[in-house]
>>> print(open('upload-v6.cif').read())   # mmCIF, C-alpha atoms
data_protein
#
loop_
_atom_site.group_PDB
_atom_site.id
_atom_site.type_symbol
_atom_site.label_atom_id
_atom_site.label_comp_id
_atom_site.auth_asym_id
_atom_site.auth_seq_id
_atom_site.Cartn_x
_atom_site.Cartn_y
_atom_site.Cartn_z
ATOM 1 C CA MET G 1 79.335 53.653 -15.809
ATOM 2 C CA GLY G 2 78.780 49.885 -15.575
ATOM 3 C CA LEU G 3 80.848 49.694 -12.389
ATOM 4 C CA LEU G 4 78.678 52.389 -10.810
ATOM 5 C CA PHE G 5 75.656 50.132 -11.349
ATOM 6 C CA CYS G 6 77.548 47.247 -9.688
ATOM 7 C CA PHE G 7 77.911 49.407 -6.574
ATOM 8 C CA LEU G 8 74.277 50.558 -6.806
ATOM 9 C CA GLY G 9 73.295 46.870 -6.894
ATOM 10 C CA ALA G 10 75.361 46.266 -3.752
ATOM 11 C CA VAL G 11 73.687 49.204 -1.989
ATOM 12 C CA ALA G 12 70.183 48.064 -3.014
ATOM 13 C CA PHE G 13 70.735 44.472 -1.814
ATOM 14 C CA GLY G 14 72.444 45.673 1.374
ATOM 15 C CA LEU G 15 69.547 48.020 2.117
ATOM 16 C CA LEU G 16 67.101 45.169 1.456
ATOM 17 C CA ALA G 17 68.613 43.173 4.332
ATOM 18 C CA CYS G 18 68.726 46.260 6.581
ATOM 19 C CA VAL G 19 65.081 47.126 5.819
ATOM 20 C CA SER G 20 64.145 43.503 6.647
ATOM 21 C CA LYS G 21 65.711 43.999 10.081
ATOM 22 C CA VAL G 22 64.030 47.381 10.610
ATOM 23 C CA ALA G 23 60.637 45.924 9.612
ATOM 24 C CA GLU G 24 61.190 43.089 12.112
ATOM 25 C CA GLN G 25 62.033 45.631 14.827
ATOM 26 C CA ARG G 26 58.813 47.534 13.983
ATOM 27 C CA GLY G 27 56.813 44.403 14.762
ATOM 28 C CA CYS G 28 56.015 43.172 11.245
ATOM 29 C CA ALA G 29 55.294 39.418 11.118
ATOM 30 C CA ALA G 30 57.777 37.401 9.039
ATOM 31 C CA SER G 31 55.059 35.636 7.020
ATOM 32 C CA GLY G 32 53.198 38.921 6.396
ATOM 33 C CA LEU G 33 56.364 40.551 5.067
ATOM 34 C CA VAL G 34 57.180 37.636 2.768
ATOM 35 C CA VAL G 35 53.629 37.642 1.369
ATOM 36 C CA SER G 36 53.843 41.394 0.851
ATOM 37 C CA VAL G 37 57.260 41.275 -0.886
ATOM 38 C CA PHE G 38 56.239 38.383 -3.163
ATOM 39 C CA GLY G 39 52.846 39.996 -3.808
ATOM 40 C CA TRP G 40 54.333 43.306 -4.974
ATOM 41 C CA ALA G 41 57.003 41.543 -7.039
ATOM 42 C CA THR G 42 54.318 39.334 -8.674
ATOM 43 C CA VAL G 43 52.362 42.447 -9.692
ATOM 44 C CA VAL G 44 55.487 44.058 -11.218
ATOM 45 C CA MET G 45 56.432 40.882 -13.113
ATOM 46 C CA LEU G 46 52.854 40.345 -14.373
ATOM 47 C CA LEU G 47 52.780 43.926 -15.697
ATOM 48 C CA ARG G 48 56.201 43.474 -17.332
ATOM 49 C CA THR G 49 55.093 40.161 -18.892
ATOM 50 C CA ALA G 50 51.839 41.688 -20.147
ATOM 51 C CA ALA G 51 53.908 44.350 -21.956
ATOM 52 C CA LEU G 52 55.764 41.654 -23.943
ATOM 53 C CA HIS G 53 54.612 40.666 -27.431
ATOM 54 C CA SER G 54 55.078 36.990 -26.565
ATOM 55 C CA GLY G 55 53.006 37.370 -23.383
ATOM 56 C CA PHE G 56 52.843 34.363 -21.068
ATOM 57 C CA GLN G 57 54.018 31.786 -23.609
ATOM 58 C CA MET G 58 56.474 29.367 -22.070
ATOM 59 C CA PRO G 59 56.955 25.571 -21.960
ATOM 60 C CA ALA G 60 54.977 23.759 -19.251
ATOM 61 C CA LYS G 61 58.173 22.205 -17.829
ATOM 62 C CA ALA G 62 59.617 25.712 -17.319
ATOM 63 C CA GLY G 63 56.400 26.675 -15.485
ATOM 64 C CA ALA G 64 56.745 23.620 -13.222
ATOM 65 C CA ILE G 65 60.338 24.555 -12.387
ATOM 66 C CA ALA G 66 59.266 28.158 -11.701
ATOM 67 C CA VAL G 67 56.641 26.918 -9.209
ATOM 68 C CA ALA G 68 59.129 24.643 -7.380
ATOM 69 C CA CYS G 69 61.885 27.284 -7.258
ATOM 70 C CA GLY G 70 59.459 30.067 -6.247
ATOM 71 C CA ILE G 71 58.246 27.991 -3.289
ATOM 72 C CA CYS G 72 61.894 27.361 -2.287
ATOM 73 C CA ALA G 73 62.594 31.124 -2.478
ATOM 74 C CA ALA G 74 59.596 32.038 -0.314
ATOM 75 C CA VAL G 75 60.521 29.398 2.292
ATOM 76 C CA ALA G 76 64.126 30.672 2.304
ATOM 77 C CA TYR G 77 63.064 34.300 2.769
ATOM 78 C CA LEU G 78 60.621 33.300 5.506
ATOM 79 C CA ALA G 79 63.465 31.462 7.269
ATOM 80 C CA PHE G 80 65.742 34.516 6.872
ATOM 81 C CA GLN G 81 63.073 36.905 8.175
ATOM 82 C CA THR G 82 62.374 34.576 11.138
ATOM 83 C CA SER G 83 66.097 34.097 11.873
ATOM 84 C CA ILE G 84 66.842 37.810 12.253
ATOM 85 C CA LYS G 85 64.406 37.893 15.171
ATOM 86 C CA MET G 86 66.644 35.522 17.152
ATOM 87 C CA GLY G 87 70.048 35.997 15.512
ATOM 88 C CA LYS G 88 72.209 38.435 13.596
ATOM 89 C CA VAL G 89 71.081 39.939 10.295
ATOM 90 C CA THR G 90 74.710 39.796 9.070
ATOM 91 C CA VAL G 91 74.868 36.013 9.539
ATOM 92 C CA GLY G 92 71.436 35.465 7.973
ATOM 93 C CA TRP G 93 72.344 37.579 4.940
ATOM 94 C CA LEU G 94 75.687 35.812 4.579
ATOM 95 C CA MET G 95 73.852 32.453 4.551
ATOM 96 C CA MET G 96 71.464 33.783 1.876
ATOM 97 C CA ASN G 97 74.487 34.603 -0.292
ATOM 98 C CA LEU G 98 76.541 31.516 0.593
ATOM 99 C CA SER G 99 73.600 29.520 -0.741
ATOM 100 C CA SER G 100 74.857 30.335 -4.265
ATOM 101 C CA GLY G 101 77.282 27.472 -3.618
ATOM 102 C CA VAL G 102 74.361 25.007 -3.625
ATOM 103 C CA PRO G 103 73.409 25.387 -7.336
ATOM 104 C CA ALA G 104 77.136 25.448 -8.172
ATOM 105 C CA ALA G 105 77.614 22.136 -6.337
ATOM 106 C CA VAL G 106 74.472 20.612 -7.896
ATOM 107 C CA SER G 107 75.678 21.703 -11.365
ATOM 108 C CA ILE G 108 78.988 19.908 -10.812
ATOM 109 C CA TRP G 109 77.073 16.775 -9.815
ATOM 110 C CA ILE G 110 74.335 16.852 -12.509
ATOM 111 C CA TYR G 111 76.016 18.614 -15.449
ATOM 112 C CA LYS G 112 79.500 17.252 -14.650
ATOM 113 C CA GLU G 113 80.841 20.811 -14.697
ATOM 114 C CA LYS G 114 84.580 21.173 -14.224
ATOM 115 C CA LEU G 115 85.679 21.774 -10.628
ATOM 116 C CA SER G 116 88.146 24.668 -10.944
ATOM 117 C CA PRO G 117 90.692 25.481 -8.188
ATOM 118 C CA ILE G 118 88.754 28.710 -7.417
ATOM 119 C CA LYS G 119 85.547 26.705 -6.891
ATOM 120 C CA ILE G 120 87.346 24.173 -4.657
ATOM 121 C CA LEU G 121 88.728 27.047 -2.550
ATOM 122 C CA ALA G 122 85.298 28.743 -2.449
ATOM 123 C CA PHE G 123 83.571 25.525 -1.290
ATOM 124 C CA ALA G 124 86.244 24.912 1.358
ATOM 125 C CA LEU G 125 85.972 28.478 2.683
ATOM 126 C CA GLY G 126 82.171 28.330 2.541
ATOM 127 C CA LEU G 127 82.144 25.122 4.589
ATOM 128 C CA ALA G 128 84.644 26.586 7.077
ATOM 129 C CA SER G 129 82.473 29.710 7.338
ATOM 130 C CA VAL G 130 79.277 27.752 8.048
ATOM 131 C CA LEU G 131 81.044 25.651 10.714
ATOM 132 C CA CYS G 132 82.585 28.748 12.382
ATOM 133 C CA LEU G 133 79.209 30.538 12.405
ATOM 134 C CA PHE G 134 77.465 27.477 13.900
ATOM 135 C CA TRP G 135 80.146 27.094 16.605
ATOM 136 C CA GLY G 136 80.119 30.850 17.187
ATOM 137 C CA GLN G 137 76.368 30.791 17.741
ATOM 138 C CA LYS G 138 76.711 27.768 20.049
ATOM 139 C CA SER G 139 79.413 29.411 22.197
ATOM 140 C CA GLU G 140 77.371 32.621 22.306
ATOM 141 C CA GLY G 141 74.397 30.627 23.585
ATOM 142 C CA ARG G 142 76.612 29.025 26.237
ATOM 143 C CA GLU G 143 77.946 32.458 27.326
ATOM 144 C CA VAL G 144 74.386 33.791 27.672
ATOM 145 C CA ALA G 145 73.364 30.703 29.686
ATOM 146 C CA ASN G 146 76.403 31.055 31.990
ATOM 147 C CA THR G 147 75.744 34.774 32.544
ATOM 148 C CA SER G 148 72.105 34.198 33.425
ATOM 149 C CA ARG G 149 73.083 31.310 35.774
ATOM 150 C CA GLU G 150 75.630 33.558 37.541
ATOM 151 C CA ARG G 151 73.005 36.288 37.930
ATOM 152 C CA GLY G 152 70.380 33.783 39.089
ATOM 153 C CA MET A 153 65.839 26.419 15.913
ATOM 154 C CA TRP A 154 68.433 28.936 14.658
ATOM 155 C CA PHE A 155 70.605 26.141 13.207
ATOM 156 C CA LEU A 156 67.604 24.663 11.392
ATOM 157 C CA LEU A 157 66.690 28.081 9.956
ATOM 158 C CA MET A 158 70.255 28.556 8.663
ATOM 159 C CA LEU A 159 70.154 25.138 6.961
ATOM 160 C CA ILE A 160 66.776 25.960 5.389
ATOM 161 C CA ILE A 161 68.169 29.299 4.116
ATOM 162 C CA LEU A 162 71.237 27.576 2.622
ATOM 163 C CA LEU A 163 69.374 24.775 0.854
ATOM 164 C CA ALA A 164 66.082 26.481 -0.087
ATOM 165 C CA ASN A 165 67.631 29.737 -1.321
ATOM 166 C CA GLY A 166 70.284 27.782 -3.210
ATOM 167 C CA MET A 167 67.686 25.627 -4.959
ATOM 168 C CA SER A 168 65.485 28.660 -5.734
ATOM 169 C CA ALA A 169 68.120 29.919 -8.176
ATOM 170 C CA PHE A 170 68.749 26.518 -9.754
ATOM 171 C CA GLY A 171 65.793 26.878 -12.144
ATOM 172 C CA LEU A 172 67.566 29.602 -14.104
ATOM 173 C CA LYS A 173 70.507 27.227 -14.592
ATOM 174 C CA VAL A 174 68.176 24.486 -15.884
ATOM 175 C CA MET A 175 66.444 26.982 -18.209
ATOM 176 C CA ALA A 176 69.808 28.171 -19.562
ATOM 177 C CA GLY A 177 70.500 24.575 -20.590
ATOM 178 C CA TRP A 178 67.253 24.496 -22.620
ATOM 179 C CA ALA A 179 68.313 27.593 -24.604
ATOM 180 C CA LEU A 180 64.866 29.245 -24.374
ATOM 181 C CA PRO A 181 64.363 32.814 -25.705
ATOM 182 C CA GLY A 182 65.321 35.617 -23.311
ATOM 183 C CA SER A 183 61.727 36.898 -23.137
ATOM 184 C CA VAL A 184 60.716 33.732 -21.216
ATOM 185 C CA LYS A 185 62.445 35.036 -18.081
ATOM 186 C CA PHE A 186 59.602 37.512 -17.330
ATOM 187 C CA PRO A 187 56.697 34.992 -17.322
ATOM 188 C CA TYR A 188 59.082 32.596 -15.514
ATOM 189 C CA LEU A 189 59.674 35.174 -12.768
ATOM 190 C CA ALA A 190 55.946 36.056 -12.616
ATOM 191 C CA ILE A 191 55.126 32.371 -11.923
ATOM 192 C CA TRP A 192 58.175 32.117 -9.577
ATOM 193 C CA TYR A 193 56.944 35.012 -7.418
ATOM 194 C CA ALA A 194 53.268 33.933 -7.614
ATOM 195 C CA ALA A 195 54.167 30.403 -6.419
ATOM 196 C CA GLY A 196 56.109 31.874 -3.490
ATOM 197 C CA LEU A 197 53.200 34.179 -2.691
ATOM 198 C CA ALA A 198 50.704 31.287 -2.763
ATOM 199 C CA SER A 199 52.865 28.955 -0.665
ATOM 200 C CA ILE A 200 53.065 31.387 2.262
ATOM 201 C CA GLY A 201 49.838 33.316 1.590
ATOM 202 C CA ALA A 202 47.455 30.321 1.376
ATOM 203 C CA PRO A 203 48.142 29.073 4.942
ATOM 204 C CA MET A 204 47.727 32.674 6.173
ATOM 205 C CA ILE A 205 44.314 32.950 4.486
ATOM 206 C CA LEU A 206 43.250 29.577 5.929
ATOM 207 C CA ARG A 207 44.219 30.780 9.415
ATOM 208 C CA GLY A 208 42.370 34.048 8.829
ATOM 209 C CA VAL A 209 45.523 36.163 9.215
ATOM 210 C CA ARG A 210 45.384 39.563 7.541
ATOM 211 C CA LEU A 211 48.272 41.713 6.333
ATOM 212 C CA SER A 212 48.815 44.865 8.351
ATOM 213 C CA ARG A 213 49.344 48.230 6.683
ATOM 214 C CA SER A 214 52.962 48.384 7.866
ATOM 215 C CA GLU A 215 53.664 44.896 6.430
ATOM 216 C CA LEU A 216 52.262 46.058 3.084
ATOM 217 C CA LEU A 217 54.386 49.223 3.086
ATOM 218 C CA TRP A 218 57.640 47.659 4.327
ATOM 219 C CA GLY A 219 57.073 44.798 1.880
ATOM 220 C CA ALA A 220 56.681 47.297 -0.980
ATOM 221 C CA LEU A 221 59.987 48.946 -0.033
ATOM 222 C CA MET A 222 61.731 45.570 0.160
ATOM 223 C CA ALA A 223 60.323 44.493 -3.220
ATOM 224 C CA ALA A 224 61.443 47.820 -4.750
ATOM 225 C CA LEU A 225 64.975 47.360 -3.368
ATOM 226 C CA SER A 226 65.125 43.765 -4.611
ATOM 227 C CA ILE A 227 64.018 44.786 -8.113
ATOM 228 C CA ALA A 228 66.393 47.818 -8.064
ATOM 229 C CA GLY A 229 69.298 45.505 -7.216
ATOM 230 C CA GLN A 230 68.415 43.111 -10.043
ATOM 231 C CA VAL A 231 67.999 45.978 -12.539
ATOM 232 C CA ALA A 232 71.320 47.577 -11.487
ATOM 233 C CA MET A 233 73.127 44.252 -12.009
ATOM 234 C CA ALA A 234 71.426 43.714 -15.378
ATOM 235 C CA VAL A 235 72.440 47.260 -16.513
ATOM 236 C CA ALA A 236 76.024 46.630 -15.366
ATOM 237 C CA LEU A 237 76.147 43.354 -17.345
ATOM 238 C CA ASP A 238 74.620 45.093 -20.394
ATOM 239 C CA SER A 239 77.371 47.760 -20.115
ATOM 240 C CA ASN A 240 79.891 45.004 -20.873
ATOM 241 C CA VAL A 241 81.173 44.688 -17.311
ATOM 242 C CA PRO A 242 82.111 40.988 -17.016
ATOM 243 C CA GLY A 243 80.063 38.770 -14.711
ATOM 244 C CA HIS A 244 83.130 37.863 -12.629
ATOM 245 C CA ILE A 245 83.330 41.568 -11.653
ATOM 246 C CA VAL A 246 79.590 42.344 -11.349
ATOM 247 C CA PHE A 247 78.626 39.464 -9.023
ATOM 248 C CA PRO A 248 81.482 39.749 -6.487
ATOM 249 C CA ILE A 249 81.002 43.548 -6.196
ATOM 250 C CA ALA A 250 77.199 43.432 -5.915
ATOM 251 C CA ILE A 251 76.995 40.429 -3.577
ATOM 252 C CA GLY A 252 80.201 41.007 -1.587
ATOM 253 C CA GLY A 253 79.355 44.701 -1.310
ATOM 254 C CA SER A 254 75.898 43.969 0.062
ATOM 255 C CA ILE A 255 77.357 41.671 2.769
ATOM 256 C CA PHE A 256 79.858 44.394 3.706
ATOM 257 C CA ILE A 257 77.040 46.975 3.974
ATOM 258 C CA VAL A 258 74.907 44.642 6.117
ATOM 259 C CA ALA A 259 77.871 43.817 8.401
ATOM 260 C CA LEU A 260 78.574 47.533 8.827
ATOM 261 C CA ALA A 261 74.909 48.350 9.486
ATOM 262 C CA GLY A 262 74.638 45.394 11.862
ATOM 263 C CA ARG A 263 77.509 46.764 13.929
ATOM 264 C CA ILE A 264 76.563 50.479 13.819
ATOM 265 C CA PHE A 265 72.752 50.525 13.756
ATOM 266 C CA PHE A 266 71.673 47.148 15.133
ATOM 267 C CA HIS A 267 74.496 46.845 17.724
ATOM 268 C CA GLU A 268 75.292 43.246 16.803
ATOM 269 C CA ARG A 269 78.160 41.866 18.884
ATOM 270 C CA MET A 270 80.445 39.292 17.275
ATOM 271 C CA ASN A 271 82.661 36.761 19.020
ATOM 272 C CA ARG A 272 85.913 35.592 17.429
ATOM 273 C CA LEU A 273 84.315 32.562 15.718
ATOM 274 C CA ASN A 274 81.586 34.749 14.211
ATOM 275 C CA ILE A 275 84.179 37.199 12.846
ATOM 276 C CA ILE A 276 86.234 34.350 11.313
ATOM 277 C CA GLY A 277 83.036 32.816 9.887
ATOM 278 C CA ILE A 278 81.868 36.078 8.333
ATOM 279 C CA THR A 279 85.325 36.844 6.876
ATOM 280 C CA THR A 280 85.766 33.385 5.323
ATOM 281 C CA GLY A 281 82.154 33.420 4.114
ATOM 282 C CA PHE A 282 82.681 36.856 2.545
ATOM 283 C CA ILE A 283 85.733 35.564 0.631
ATOM 284 C CA ALA A 284 83.858 32.369 -0.362
ATOM 285 C CA VAL A 285 80.931 34.375 -1.773
ATOM 286 C CA ILE A 286 83.304 36.602 -3.778
ATOM 287 C CA LEU A 287 85.156 33.545 -5.155
ATOM 288 C CA LEU A 288 81.839 31.873 -6.067
ATOM 289 C CA GLY A 289 80.786 35.073 -7.866
ATOM 290 C CA MET A 290 84.096 35.140 -9.752
ATOM 291 C CA SER A 291 83.825 31.530 -10.858
#
>>> encode(input="upload-v6.cif", output="structure tokens")
Amino acid sequence: MGLLFCFLGAVAFGLLACVSKVAEQRGCAASGLVVSVFGWATVVMLLRTAALHSGFQMPAKAGAIAVACGICAAVAYLAFQTSIKMGKVTVGWLMMNLSSGVPAAVSIWIYKEKLSPIKILAFALGLASVLCLFWGQKSEGREVANTSRERG
Amino acid sequence: MWFLLMLIILLANGMSAFGLKVMAGWALPGSVKFPYLAIWYAAGLASIGAPMILRGVRLSRSELLWGALMAALSIAGQVAMAVALDSNVPGHIVFPIAIGGSIFIVALAGRIFFHERMNRLNIIGITTGFIAVILLGMS
């Protein structure tokens, strides 16, 4: 039963990226979509918090971190939504998920977490992936430029 | 521009999740995560919404509706993962399946529905990235 929910999670997140692309194709502005997504999610979370006995009680330092991280998330989603207008949704979504390496790397630096062989391999592959995608995009740009020059 | 956007996605999205790691270190009660997420989303809303208001930009009906669908899918994904973890499925199984699976679905949809063409470097990049994400989820 638990595994079924893992797959449902995969489908939901996969559809989220696909719907982002469809919305872009239907002419929705990137900033408008991000505001809408964060607006709806804020309403849901406020309702859920209001239903708690403890309510909105939390340390001020946690609130400050929430503000900083929320701004980062909105900027990231705006960049993703803007990028799928000019590039591939697959690459944008992969970058969104590869970004999980950033907190892992920061944790190793700040919390002195142990660097396991799996993590070393993951970081190496992640770096190789980013470089390949950058070069791939560059060579694609060159191909497009060459084709248009030949036609011109 | 595209390269800059990719760097922003990598760094900003990565740092957006770091708060949960910091909070875990403080050993706060589990109920704090809901007000934390309410502030998290509200801050994101304000950071993009405030400049829009200042410029006099209004949300269109389609942006509101597509945004609602996207928010519902995002919340559904989070809930599904939380239920899977509550059902005693270990995290090193839940995260690779949910995250790796979503990349696979997007790659498939990109090819079939959005007609995205990939050169050899893109294919190598996506394959190695896919493995990297799964390994990160496992660790």
>>> closest_residue(input="upload-v6.cif", among="G:Pro103, G:Gly136, G:Gly141, G:Gly39", to="Leu217 (chain A)", atoms="all atoms listed in the file")
G:Gly39
>>> interface_residues(input="upload-v6.cif", of="chain A", to="chain G", cutoff="6 Å", atoms="all atoms listed in the file", output="ChimeraX atom specification")
/A:157,161-162,164-166,168,170-171,186-188,190-197,201,211,215-216,219,222-223,225,229,232-233,236,239,241,246,250,253-254,257-259,273-274,277,280-281,284-285,287-288
>>> atom_distance(input="upload-v6.cif", atom1="CA of Thr279 (chain A)", atom2="CA of Leu163 (chain A)")
20.9 Å
>>> atom_distance(input="upload-v6.cif", atom1="CA of Ile110 (chain G)", atom2="CA of Ser291 (chain A)")
17.6 Å
>>> atom_distance(input="upload-v6.cif", atom1="CA of Ile283 (chain A)", atom2="CA of Arg142 (chain G)")
28.0 Å
>>> axis_aligned_box(input="upload-v6.cif", around="region 90-94 of chain G", padding_each_side="5 Å", output="JSON")
{"center_x": 73.6, "center_y": 37.6, "center_z": 7.1, "size_x": 14.3, "size_y": 14.3, "size_z": 15.0}
>>> closest_residue(input="upload-v6.cif", among="A:Phe155, A:Gly243, A:Val184, A:Arg263", to="Ala60 (chain G)", atoms="only C-alpha atoms")
A:Val184
>>> closest_residue(input="upload-v6.cif", among="A:Ile255, A:Ile264, A:Leu172, A:Leu156", to="Ile278 (chain A)", atoms="all atoms listed in the file")
A:Ile255
>>> build_atoms(input="upload-v6.cif", residues="region 264-282 of chain A", atoms="N, CA and C atoms", output="PDB file, in the coordinates of the input")
ATOM      1  N   ILE A 264      76.825  49.068  13.457  1.00  0.00           N
ATOM      2  CA  ILE A 264      76.563  50.479  13.819  1.00  0.00           C
ATOM      3  C   ILE A 264      75.111  50.688  14.272  1.00  0.00           C
ATOM      4  N   PHE A 265      74.162  50.201  13.481  1.00  0.00           N
ATOM      5  CA  PHE A 265      72.752  50.525  13.756  1.00  0.00           C
ATOM      6  C   PHE A 265      72.037  49.472  14.608  1.00  0.00           C
ATOM      7  N   PHE A 266      72.404  48.199  14.407  1.00  0.00           N
ATOM      8  CA  PHE A 266      71.673  47.148  15.133  1.00  0.00           C
ATOM      9  C   PHE A 266      72.462  46.611  16.331  1.00  0.00           C
ATOM     10  N   HIS A 267      73.653  47.179  16.563  1.00  0.00           N
ATOM     11  CA  HIS A 267      74.496  46.845  17.724  1.00  0.00           C
ATOM     12  C   HIS A 267      74.708  45.339  17.867  1.00  0.00           C
ATOM     13  N   GLU A 268      75.055  44.689  16.752  1.00  0.00           N
ATOM     14  CA  GLU A 268      75.292  43.246  16.803  1.00  0.00           C
ATOM     15  C   GLU A 268      76.714  42.985  17.286  1.00  0.00           C
ATOM     16  N   ARG A 269      76.837  42.203  18.355  1.00  0.00           N
ATOM     17  CA  ARG A 269      78.160  41.866  18.884  1.00  0.00           C
ATOM     18  C   ARG A 269      78.624  40.551  18.277  1.00  0.00           C
ATOM     19  N   MET A 270      79.902  40.497  17.912  1.00  0.00           N
ATOM     20  CA  MET A 270      80.445  39.292  17.275  1.00  0.00           C
ATOM     21  C   MET A 270      81.548  38.710  18.153  1.00  0.00           C
ATOM     22  N   ASN A 271      81.511  37.389  18.367  1.00  0.00           N
ATOM     23  CA  ASN A 271      82.661  36.761  19.020  1.00  0.00           C
ATOM     24  C   ASN A 271      83.683  36.391  17.939  1.00  0.00           C
ATOM     25  N   ARG A 272      84.828  35.828  18.378  1.00  0.00           N
ATOM     26  CA  ARG A 272      85.913  35.592  17.429  1.00  0.00           C
ATOM     27  C   ARG A 272      85.486  34.609  16.315  1.00  0.00           C
ATOM     28  N   LEU A 273      84.756  33.560  16.712  1.00  0.00           N
ATOM     29  CA  LEU A 273      84.315  32.562  15.718  1.00  0.00           C
ATOM     30  C   LEU A 273      83.378  33.176  14.681  1.00  0.00           C
ATOM     31  N   ASN A 274      82.498  34.078  15.145  1.00  0.00           N
ATOM     32  CA  ASN A 274      81.586  34.749  14.211  1.00  0.00           C
ATOM     33  C   ASN A 274      82.363  35.601  13.211  1.00  0.00           C
ATOM     34  N   ILE A 275      83.387  36.324  13.735  1.00  0.00           N
ATOM     35  CA  ILE A 275      84.179  37.199  12.846  1.00  0.00           C
ATOM     36  C   ILE A 275      84.921  36.359  11.804  1.00  0.00           C
ATOM     37  N   ILE A 276      85.524  35.233  12.264  1.00  0.00           N
ATOM     38  CA  ILE A 276      86.234  34.350  11.313  1.00  0.00           C
ATOM     39  C   ILE A 276      85.233  33.796  10.288  1.00  0.00           C
ATOM     40  N   GLY A 277      84.064  33.380  10.772  1.00  0.00           N
ATOM     41  CA  GLY A 277      83.036  32.816   9.887  1.00  0.00           C
ATOM     42  C   GLY A 277      82.573  33.815   8.845  1.00  0.00           C
ATOM     43  N   ILE A 278      82.349  35.053   9.277  1.00  0.00           N
ATOM     44  CA  ILE A 278      81.868  36.078   8.333  1.00  0.00           C
ATOM     45  C   ILE A 278      82.972  36.424   7.324  1.00  0.00           C
ATOM     46  N   THR A 279      84.224  36.504   7.794  1.00  0.00           N
ATOM     47  CA  THR A 279      85.325  36.844   6.876  1.00  0.00           C
ATOM     48  C   THR A 279      85.516  35.742   5.833  1.00  0.00           C
ATOM     49  N   THR A 280      85.560  34.476   6.290  1.00  0.00           N
ATOM     50  CA  THR A 280      85.766  33.385   5.323  1.00  0.00           C
ATOM     51  C   THR A 280      84.552  33.256   4.383  1.00  0.00           C
ATOM     52  N   GLY A 281      83.371  33.477   4.929  1.00  0.00           N
ATOM     53  CA  GLY A 281      82.154  33.420   4.114  1.00  0.00           C
ATOM     54  C   GLY A 281      82.154  34.514   3.064  1.00  0.00           C
ATOM     55  N   PHE A 282      82.595  35.704   3.456  1.00  0.00           N
ATOM     56  CA  PHE A 282      82.681  36.856   2.545  1.00  0.00           C
ATOM     57  C   PHE A 282      83.613  36.512   1.367  1.00  0.00           C
TER      58      PHE A 282
END
